[in-house]
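The next block holds one structure in the form of structure tokens; read it before the comments.
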Amino acid sequence: MTERRALVTGATGFVGRRLTAYLADRGWDVVGCGMPPEPGVLACDVRDEAQLDEVLEAAGEVSHVFHLAAIAFVPQATREPDLAFSVNLQGTIRLIHKMLARVPRARLLFVSSSEVYGPPQQLPMDEAHPLNPGNPYAISKMAADLYCSFSARAHGLDVVCARPFNHSGAGQTGDYVLPNFARQIATIEAGQKPPVIDVGNLEAARDFSHVTDVLRAYEALALKGHSGEAYNICSGSAVTIQEALNLLLSMAKCPIEVRQDPARMRPSDVPVAYGSSEKLRAHTGWTPETSLKDLLQELLDYWRGQV
């Protein structure tokens with residue numbers, strides 16, 4: 001077994017694409033798989049046992065599997081819960097059993113989500129926080145997270161669960177709040193829409209990280225995380241959506257009016273949520289490196305290039 005040979009599922013997604021490049025730059029031997037397939041990426045729907053067999057056969061004696069493949073957009077999972085459970089839970093179960101059969105000594109880095117905690121019962125939320133998921137995406141991730149723990153106990157699977165909080169960066173779709181704001185500003189600057197930005201609830205406060213800090217955490221957990229454990233990946237502090245928007249507006253090349261859009265309002269929004277990354281820091285030495293301001297500048301520059 002090569003010490004740092006990785007299979008990355010979900011390699012055609014926003015984070016998966018970045019992770020395969022990051023690991024390769026760090027000297028890993030990387031095989032990516034995902035749907036839809038792209039040049040250099042193997043086709044793999046994790047619900048398809050035959051495709052999983054083909055991918056694991058092609059990947060060979062991997063030392064690590066980074067499992068990112070998921071229905072990750074909460075509104076889509078809410079609209080299509082059957083699909084979310086089929087991919088996020090059943091796909092994970094199938095992958096685990098294929099790994100146990102083919103590469104039983106490989107480590108699985110399962111990407112769960114901070115969404116498994118639900119509304120905060122205390123702040124910051126650490127890994128001992130009760131699991132109380134509040135939507136189909138979160139429920140599917142919690143179930144897969146728990147199945148990983150079961151597989152560690154019952155089958156000796158070497159698995160580490162990552163629970164990232166909100167993260168963003170260049171390449172993330174405009175469906176998410178920060179890239180959505182950046183896209184609107186870039187479109188206004190290009191003269192393609194009036195100087196008005198439509199927003200939802202700006203009072204909610206969230207824990208945002210740059211995607212590169214999250215990639216660094218995934219690698220650190222793959223190499224140093226304790227088997228059978230779960231780890232938060234987060235900045236450890238919250239900023240309101242209003243604060244983030246104000247920072248973006250301060251970078252804009254023209255004055256922009258802010259207008260609340262009732263269609264974007266979510267009255268059940270959790271007011272404040274942020275995590276503790278103390279366990280991750282203690283076990284791996286990881287610390288976040290990219291500021292929110294730099295993250296927002298990157299998003300704005302990216303969308304300026306897109307429009």
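Lettering and numbering for the structure tokens are positional, with chains as A, B, ... in the shown order, residues counted from 1 in each chain, and ligands counted from 1 in the shown order.
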
With range 211-234 of chain A as the partner and 9 Å as the cut-off, tabulate the residues of range 135-171 of chain A that qualify, each row holding the nearest pair of atoms and their distance in Å to one decimal, using only C-alpha atoms, sorted by chain and rising number, as JSON lines.
{"residue": "A:Asp145", "atom": "CA", "partner": "A:Ala230", "partner_atom": "CA", "distance": 8.5}
{"residue": "A:Cys148", "atom": "CA", "partner": "A:Gly228", "partner_atom": "CA", "distance": 7.8}
{"residue": "A:Ser149", "atom": "CA", "partner": "A:Gly228", "partner_atom": "CA", "distance": 5.9}
{"residue": "A:Phe150", "atom": "CA", "partner": "A:Gly228", "partner_atom": "CA", "distance": 8.9}
{"residue": "A:Ser151", "atom": "CA", "partner": "A:Gly228", "partner_atom": "CA", "distance": 8.8}
{"residue": "A:Ala152", "atom": "CA", "partner": "A:Gly228", "partner_atom": "CA", "distance": 5.8}
{"residue": "A:Arg153", "atom": "CA", "partner": "A:Gly228", "partner_atom": "CA", "distance": 7.9}
{"residue": "A:Leu157", "atom": "CA", "partner": "A:Gly228", "partner_atom": "CA", "distance": 8.1}
{"residue": "A:Asp158", "atom": "CA", "partner": "A:Ser227", "partner_atom": "CA", "distance": 5.5}
{"residue": "A:Val159", "atom": "CA", "partner": "A:Ser227", "partner_atom": "CA", "distance": 5.4}
{"residue": "A:Val160", "atom": "CA", "partner": "A:Ser227", "partner_atom": "CA", "distance": 5.4}
{"residue": "A:Cys161", "atom": "CA", "partner": "A:Ala230", "partner_atom": "CA", "distance": 4.5}
{"residue": "A:Ala162", "atom": "CA", "partner": "A:Tyr231", "partner_atom": "CA", "distance": 5.0}
{"residue": "A:Arg163", "atom": "CA", "partner": "A:Asn232", "partner_atom": "CA", "distance": 4.6}
{"residue": "A:Pro164", "atom": "CA", "partner": "A:Ile233", "partner_atom": "CA", "distance": 4.4}
{"residue": "A:Phe165", "atom": "CA", "partner": "A:Cys234", "partner_atom": "CA", "distance": 5.4}
{"residue": "A:Asn166", "atom": "CA", "partner": "A:Cys234", "partner_atom": "CA", "distance": 7.6}
{"residue": "A:His167", "atom": "CA", "partner": "A:Val211", "partner_atom": "CA", "distance": 5.4}
{"residue": "A:Ser168", "atom": "CA", "partner": "A:Val211", "partner_atom": "CA", "distance": 5.3}
{"residue": "A:Gly169", "atom": "CA", "partner": "A:Val211", "partner_atom": "CA", "distance": 5.6}
{"residue": "A:Ala170", "atom": "CA", "partner": "A:Val211", "partner_atom": "CA", "distance": 8.7}

Write the residues of the preceding selection, restricted to N, CA and C atoms, as a PDB file, in the first residue's frame.
ATOM      1  N   ASP A 145     -22.958   9.444   9.398  1.00  0.00           N
ATOM      2  CA  ASP A 145     -21.960   9.713  10.439  1.00  0.00           C
ATOM      3  C   ASP A 145     -22.018   8.589  11.490  1.00  0.00           C
ATOM      4  N   CYS A 148     -20.744   5.264  10.230  1.00  0.00           N
ATOM      5  CA  CYS A 148     -19.277   5.220  10.259  1.00  0.00           C
ATOM      6  C   CYS A 148     -18.788   4.791  11.646  1.00  0.00           C
ATOM      7  N   SER A 149     -19.375   5.379  12.684  1.00  0.00           N
ATOM      8  CA  SER A 149     -18.986   5.011  14.056  1.00  0.00           C
ATOM      9  C   SER A 149     -19.291   3.541  14.332  1.00  0.00           C
ATOM     10  N   PHE A 150     -20.440   3.084  13.877  1.00  0.00           N
ATOM     11  CA  PHE A 150     -20.803   1.670  14.031  1.00  0.00           C
ATOM     12  C   PHE A 150     -19.796   0.774  13.320  1.00  0.00           C
ATOM     13  N   SER A 151     -19.407   1.167  12.105  1.00  0.00           N
ATOM     14  CA  SER A 151     -18.488   0.344  11.318  1.00  0.00           C
ATOM     15  C   SER A 151     -17.109   0.275  11.972  1.00  0.00           C
ATOM     16  N   ALA A 152     -16.725   1.353  12.654  1.00  0.00           N
ATOM     17  CA  ALA A 152     -15.455   1.339  13.386  1.00  0.00           C
ATOM     18  C   ALA A 152     -15.510   0.309  14.512  1.00  0.00           C
ATOM     19  N   ARG A 153     -16.634   0.307  15.243  1.00  0.00           N
ATOM     20  CA  ARG A 153     -16.772  -0.610  16.376  1.00  0.00           C
ATOM     21  C   ARG A 153     -16.994  -2.048  15.920  1.00  0.00           C
ATOM     22  N   LEU A 157     -13.321  -0.712  10.975  1.00  0.00           N
ATOM     23  CA  LEU A 157     -13.038   0.285   9.945  1.00  0.00           C
ATOM     24  C   LEU A 157     -12.233   1.444  10.539  1.00  0.00           C
ATOM     25  N   ASP A 158     -11.166   1.820   9.860  1.00  0.00           N
ATOM     26  CA  ASP A 158     -10.384   2.996  10.258  1.00  0.00           C
ATOM     27  C   ASP A 158     -11.076   4.208   9.636  1.00  0.00           C
ATOM     28  N   VAL A 159     -11.815   4.943  10.439  1.00  0.00           N
ATOM     29  CA  VAL A 159     -12.623   6.043   9.904  1.00  0.00           C
ATOM     30  C   VAL A 159     -12.532   7.258  10.806  1.00  0.00           C
ATOM     31  N   VAL A 160     -12.471   8.423  10.184  1.00  0.00           N
ATOM     32  CA  VAL A 160     -12.532   9.699  10.886  1.00  0.00           C
ATOM     33  C   VAL A 160     -13.642  10.513  10.243  1.00  0.00           C
ATOM     34  N   CYS A 161     -14.502  11.108  11.069  1.00  0.00           N
ATOM     35  CA  CYS A 161     -15.609  11.924  10.559  1.00  0.00           C
ATOM     36  C   CYS A 161     -15.277  13.405  10.714  1.00  0.00           C
ATOM     37  N   ALA A 162     -15.369  14.139   9.615  1.00  0.00           N
ATOM     38  CA  ALA A 162     -15.181  15.592   9.636  1.00  0.00           C
ATOM     39  C   ALA A 162     -16.545  16.256   9.630  1.00  0.00           C
ATOM     40  N   ARG A 163     -16.716  17.252  10.491  1.00  0.00           N
ATOM     41  CA  ARG A 163     -17.980  18.001  10.540  1.00  0.00           C
ATOM     42  C   ARG A 163     -17.695  19.472  10.250  1.00  0.00           C
ATOM     43  N   PRO A 164     -17.550  19.812   8.969  1.00  0.00           N
ATOM     44  CA  PRO A 164     -17.261  21.203   8.622  1.00  0.00           C
ATOM     45  C   PRO A 164     -18.468  22.114   8.831  1.00  0.00           C
ATOM     46  N   PHE A 165     -18.189  23.324   9.283  1.00  0.00           N
ATOM     47  CA  PHE A 165     -19.198  24.380   9.312  1.00  0.00           C
ATOM     48  C   PHE A 165     -19.160  25.081   7.946  1.00  0.00           C
ATOM     49  N   ASN A 166     -19.861  26.206   7.800  1.00  0.00           N
ATOM     50  CA  ASN A 166     -19.943  26.889   6.504  1.00  0.00           C
ATOM     51  C   ASN A 166     -18.553  27.171   5.950  1.00  0.00           C
ATOM     52  N   HIS A 167     -18.363  26.874   4.664  1.00  0.00           N
ATOM     53  CA  HIS A 167     -17.109  27.219   4.014  1.00  0.00           C
ATOM     54  C   HIS A 167     -17.374  27.587   2.560  1.00  0.00           C
ATOM     55  N   SER A 168     -16.495  28.436   2.028  1.00  0.00           N
ATOM     56  CA  SER A 168     -16.719  28.968   0.686  1.00  0.00           C
ATOM     57  C   SER A 168     -15.387  29.287   0.035  1.00  0.00           C
ATOM     58  N   GLY A 169     -15.453  29.685  -1.227  1.00  0.00           N
ATOM     59  CA  GLY A 169     -14.271  30.060  -1.981  1.00  0.00           C
ATOM     60  C   GLY A 169     -14.599  30.120  -3.456  1.00  0.00           C
ATOM     61  N   ALA A 170     -13.640  30.534  -4.261  1.00  0.00           N
ATOM     62  CA  ALA A 170     -13.848  30.639  -5.702  1.00  0.00           C
ATOM     63  C   ALA A 170     -14.298  29.302  -6.272  1.00  0.00           C
TER      64      ALA A 170
END

Test item: residues at most 12 Å from Gly305 in chain A, only C-alpha atoms, excluding those fewer than 5 positions along its chain, as a short mmCIF file (atom, residue, chain, number, x, y, z; two decimals) with N, CA and C atoms, in the first residue's frame:
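See out-v8.cif below for the written result:
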data_model
loop_
_atom_site.label_atom_id
_atom_site.label_comp_id
_atom_site.auth_asym_id
_atom_site.auth_seq_id
_atom_site.Cartn_x
_atom_site.Cartn_y
_atom_site.Cartn_z
N ALA A 170 -13.64 30.53 -4.26
CA ALA A 170 -13.85 30.64 -5.70
C ALA A 170 -14.30 29.30 -6.27
N GLY A 171 -15.35 29.33 -7.09
CA GLY A 171 -15.86 28.11 -7.70
C GLY A 171 -17.13 27.59 -7.07
N ALA A 182 -21.68 38.03 -3.91
CA ALA A 182 -20.56 38.42 -4.77
C ALA A 182 -20.98 38.43 -6.24
N ARG A 183 -21.77 37.44 -6.64
CA ARG A 183 -22.24 37.38 -8.03
C ARG A 183 -23.13 38.57 -8.35
N ALA A 186 -20.94 41.68 -8.74
CA ALA A 186 -20.19 41.64 -10.00
C ALA A 186 -21.10 41.92 -11.19
N THR A 187 -22.32 41.41 -11.12
CA THR A 187 -23.28 41.63 -12.22
C THR A 187 -23.67 43.11 -12.28
N GLU A 189 -21.77 45.65 -11.20
CA GLU A 189 -20.59 46.38 -11.68
C GLU A 189 -20.45 46.29 -13.20
N ALA A 190 -20.87 45.15 -13.76
CA ALA A 190 -20.78 44.95 -15.21
C ALA A 190 -21.92 45.61 -15.97
N GLU A 298 -11.75 37.14 -2.60
CA GLU A 298 -11.58 36.06 -3.58
C GLU A 298 -12.89 35.77 -4.31
N LEU A 299 -14.00 35.72 -3.57
CA LEU A 299 -15.30 35.47 -4.18
C LEU A 299 -15.67 36.57 -5.17
N LEU A 300 -15.44 37.82 -4.77
CA LEU A 300 -15.79 38.94 -5.64
C LEU A 300 -14.93 38.94 -6.90
#

Near-Arg17 in chain A list (12 Å; only C-alpha atoms; drop same-chain fewer than 2 positions) as a count of residues only: 34

Residues flagged alpha helix (DSSP H) by DSSP in range 29-274 of chain A, as a ChimeraX atom specification: /A:49-59,74-79,81-85,91-102,136-155,177-189,211-224,241-251

Could those residues be written to a file, using C-alpha atoms, as an mmCIF file, in the first residue's frame?
data_model
loop_
_atom_site.group_PDB
_atom_site.id
_atom_site.type_symbol
_atom_site.label_atom_id
_atom_site.label_comp_id
_atom_site.auth_asym_id
_atom_site.auth_seq_id
_atom_site.Cartn_x
_atom_site.Cartn_y
_atom_site.Cartn_z
ATOM 1 C CA GLU A 49 -22.231 -1.121 -6.579
ATOM 2 C CA ALA A 50 -20.767 -2.093 -9.939
ATOM 3 C CA GLN A 51 -19.302 1.377 -10.448
ATOM 4 C CA LEU A 52 -17.877 1.360 -6.906
ATOM 5 C CA ASP A 53 -16.188 -1.971 -7.690
ATOM 6 C CA GLU A 54 -14.737 -0.556 -10.915
ATOM 7 C CA VAL A 55 -13.442 2.582 -9.174
ATOM 8 C CA LEU A 56 -11.842 0.688 -6.290
ATOM 9 C CA GLU A 57 -10.294 -1.755 -8.773
ATOM 10 C CA ALA A 58 -8.841 1.144 -10.760
ATOM 11 C CA ALA A 59 -7.679 2.995 -7.630
ATOM 12 C CA VAL A 74 -30.040 21.701 1.730
ATOM 13 C CA PRO A 75 -32.988 22.947 -0.407
ATOM 14 C CA GLN A 76 -32.405 20.146 -2.951
ATOM 15 C CA ALA A 77 -32.252 17.539 -0.188
ATOM 16 C CA THR A 78 -35.475 18.959 1.250
ATOM 17 C CA ARG A 79 -37.199 18.747 -2.153
ATOM 18 C CA PRO A 81 -35.315 13.448 0.425
ATOM 19 C CA ASP A 82 -35.305 10.021 -1.253
ATOM 20 C CA LEU A 83 -32.349 11.093 -3.387
ATOM 21 C CA ALA A 84 -30.539 12.636 -0.405
ATOM 22 C CA PHE A 85 -30.851 9.445 1.657
ATOM 23 C CA GLY A 91 -24.022 5.479 -0.853
ATOM 24 C CA THR A 92 -21.825 5.754 2.239
ATOM 25 C CA ILE A 93 -22.896 2.314 3.485
ATOM 26 C CA ARG A 94 -22.101 0.757 0.092
ATOM 27 C CA LEU A 95 -18.708 2.474 -0.036
ATOM 28 C CA ILE A 96 -17.827 1.275 3.480
ATOM 29 C CA HIS A 97 -18.646 -2.344 2.668
ATOM 30 C CA LYS A 98 -16.693 -2.212 -0.598
ATOM 31 C CA MET A 99 -13.725 -0.733 1.299
ATOM 32 C CA LEU A 100 -13.871 -3.464 3.957
ATOM 33 C CA ALA A 101 -13.840 -6.093 1.210
ATOM 34 C CA ARG A 102 -11.156 -4.545 -1.018
ATOM 35 C CA PRO A 136 -33.409 15.919 5.384
ATOM 36 C CA TYR A 137 -29.813 16.755 4.402
ATOM 37 C CA ALA A 138 -28.741 16.918 8.045
ATOM 38 C CA ILE A 139 -30.659 13.746 8.953
ATOM 39 C CA SER A 140 -29.014 11.824 6.096
ATOM 40 C CA LYS A 141 -25.561 13.071 7.140
ATOM 41 C CA MET A 142 -26.180 12.201 10.790
ATOM 42 C CA ALA A 143 -27.254 8.677 9.864
ATOM 43 C CA ALA A 144 -24.138 8.190 7.703
ATOM 44 C CA ASP A 145 -21.960 9.713 10.439
ATOM 45 C CA LEU A 146 -23.400 7.218 12.956
ATOM 46 C CA TYR A 147 -22.962 4.323 10.517
ATOM 47 C CA CYS A 148 -19.277 5.220 10.259
ATOM 48 C CA SER A 149 -18.986 5.011 14.056
ATOM 49 C CA PHE A 150 -20.803 1.670 14.031
ATOM 50 C CA SER A 151 -18.488 0.344 11.318
ATOM 51 C CA ALA A 152 -15.455 1.339 13.386
ATOM 52 C CA ARG A 153 -16.772 -0.610 16.376
ATOM 53 C CA ALA A 154 -18.294 -3.578 14.569
ATOM 54 C CA HIS A 155 -15.925 -4.085 11.648
ATOM 55 C CA VAL A 177 -25.195 33.125 0.448
ATOM 56 C CA LEU A 178 -21.685 34.606 0.144
ATOM 57 C CA PRO A 179 -21.084 33.715 -3.539
ATOM 58 C CA ASN A 180 -24.645 34.859 -4.258
ATOM 59 C CA PHE A 181 -23.878 38.328 -2.897
ATOM 60 C CA ALA A 182 -20.559 38.419 -4.774
ATOM 61 C CA ARG A 183 -22.242 37.377 -8.030
ATOM 62 C CA GLN A 184 -24.913 40.057 -7.657
ATOM 63 C CA ILE A 185 -22.289 42.752 -7.019
ATOM 64 C CA ALA A 186 -20.187 41.642 -10.000
ATOM 65 C CA THR A 187 -23.279 41.635 -12.216
ATOM 66 C CA ILE A 188 -24.158 45.174 -11.070
ATOM 67 C CA GLU A 189 -20.587 46.382 -11.683
ATOM 68 C CA VAL A 211 -12.322 26.248 1.610
ATOM 69 C CA THR A 212 -8.513 25.958 1.613
ATOM 70 C CA ASP A 213 -8.499 25.892 5.419
ATOM 71 C CA VAL A 214 -11.040 23.063 5.210
ATOM 72 C CA LEU A 215 -8.857 21.151 2.717
ATOM 73 C CA ARG A 216 -5.910 21.514 5.089
ATOM 74 C CA ALA A 217 -8.083 20.129 7.873
ATOM 75 C CA TYR A 218 -9.146 17.131 5.748
ATOM 76 C CA GLU A 219 -5.509 16.249 5.060
ATOM 77 C CA ALA A 220 -4.560 16.765 8.720
ATOM 78 C CA LEU A 221 -7.390 14.480 9.853
ATOM 79 C CA ALA A 222 -6.504 11.868 7.257
ATOM 80 C CA LEU A 223 -2.954 11.747 8.621
ATOM 81 C CA LYS A 224 -3.351 12.559 12.329
ATOM 82 C CA ILE A 241 -24.686 37.943 7.213
ATOM 83 C CA GLN A 242 -25.056 41.736 7.473
ATOM 84 C CA GLU A 243 -21.376 42.096 8.460
ATOM 85 C CA ALA A 244 -20.262 39.914 5.563
ATOM 86 C CA LEU A 245 -22.447 41.865 3.139
ATOM 87 C CA ASN A 246 -21.089 45.177 4.429
ATOM 88 C CA LEU A 247 -17.538 43.970 3.796
ATOM 89 C CA LEU A 248 -18.444 42.949 0.246
ATOM 90 C CA LEU A 249 -20.205 46.269 -0.416
ATOM 91 C CA SER A 250 -17.104 48.113 0.779
ATOM 92 C CA MET A 251 -15.169 46.321 -1.995
#

Between CA of Gly16 in chain A and CA of Glu3 in chain A - distance in Å to one decimal: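 Between CA of Glu3 in chain A and CA of Gly16 in chain A the gap is 20.6 Å.
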
Residues of range 171-239 of chain A in strand (DSSP E), written as a PyMOL selection string: chain A and resi 196-199+205-206+209-210+230-233+239

Nearby residues (only C-alpha atoms) at most 12 Å from Pro130 in chain A, same-chain spacing under 3 positions excluded, as a list in words: Ser114, Glu115, Val116, Tyr117, Gly118, Pro119, Pro120, Gln121, Gln122, Met125, Asp126, Glu127, Pro133 and Met142 of chain A

CA of Asp175 in chain A to CA of Val111 in chain A, straight-line distance in Å: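 Interatomic distance, CA of Val111 in chain A to CA of Asp175 in chain A: 20.2 Å.
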
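Nearest residue to His129 in chain A among A:Gln306, A:Thr284, A:Ser276, A:Thr290 is A:Ser276, counting only C-alpha atoms.
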
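When CA of Ala252 in chain A is paired with CA of Glu289 in chain A, their separation reads 24.2 Å.
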
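Each of A:Gly134, A:Gly200, A:Pro195, A:Leu280 was checked against Lys253 in chain A using only C-alpha atoms; the smallest atom-to-atom distance is that of A:Pro195.
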
Among listed residues A:Glu61, A:Glu80, A:Asp198, A:Asp29, nearest Ile256 in chain A (using only C-alpha atoms): A:Asp198
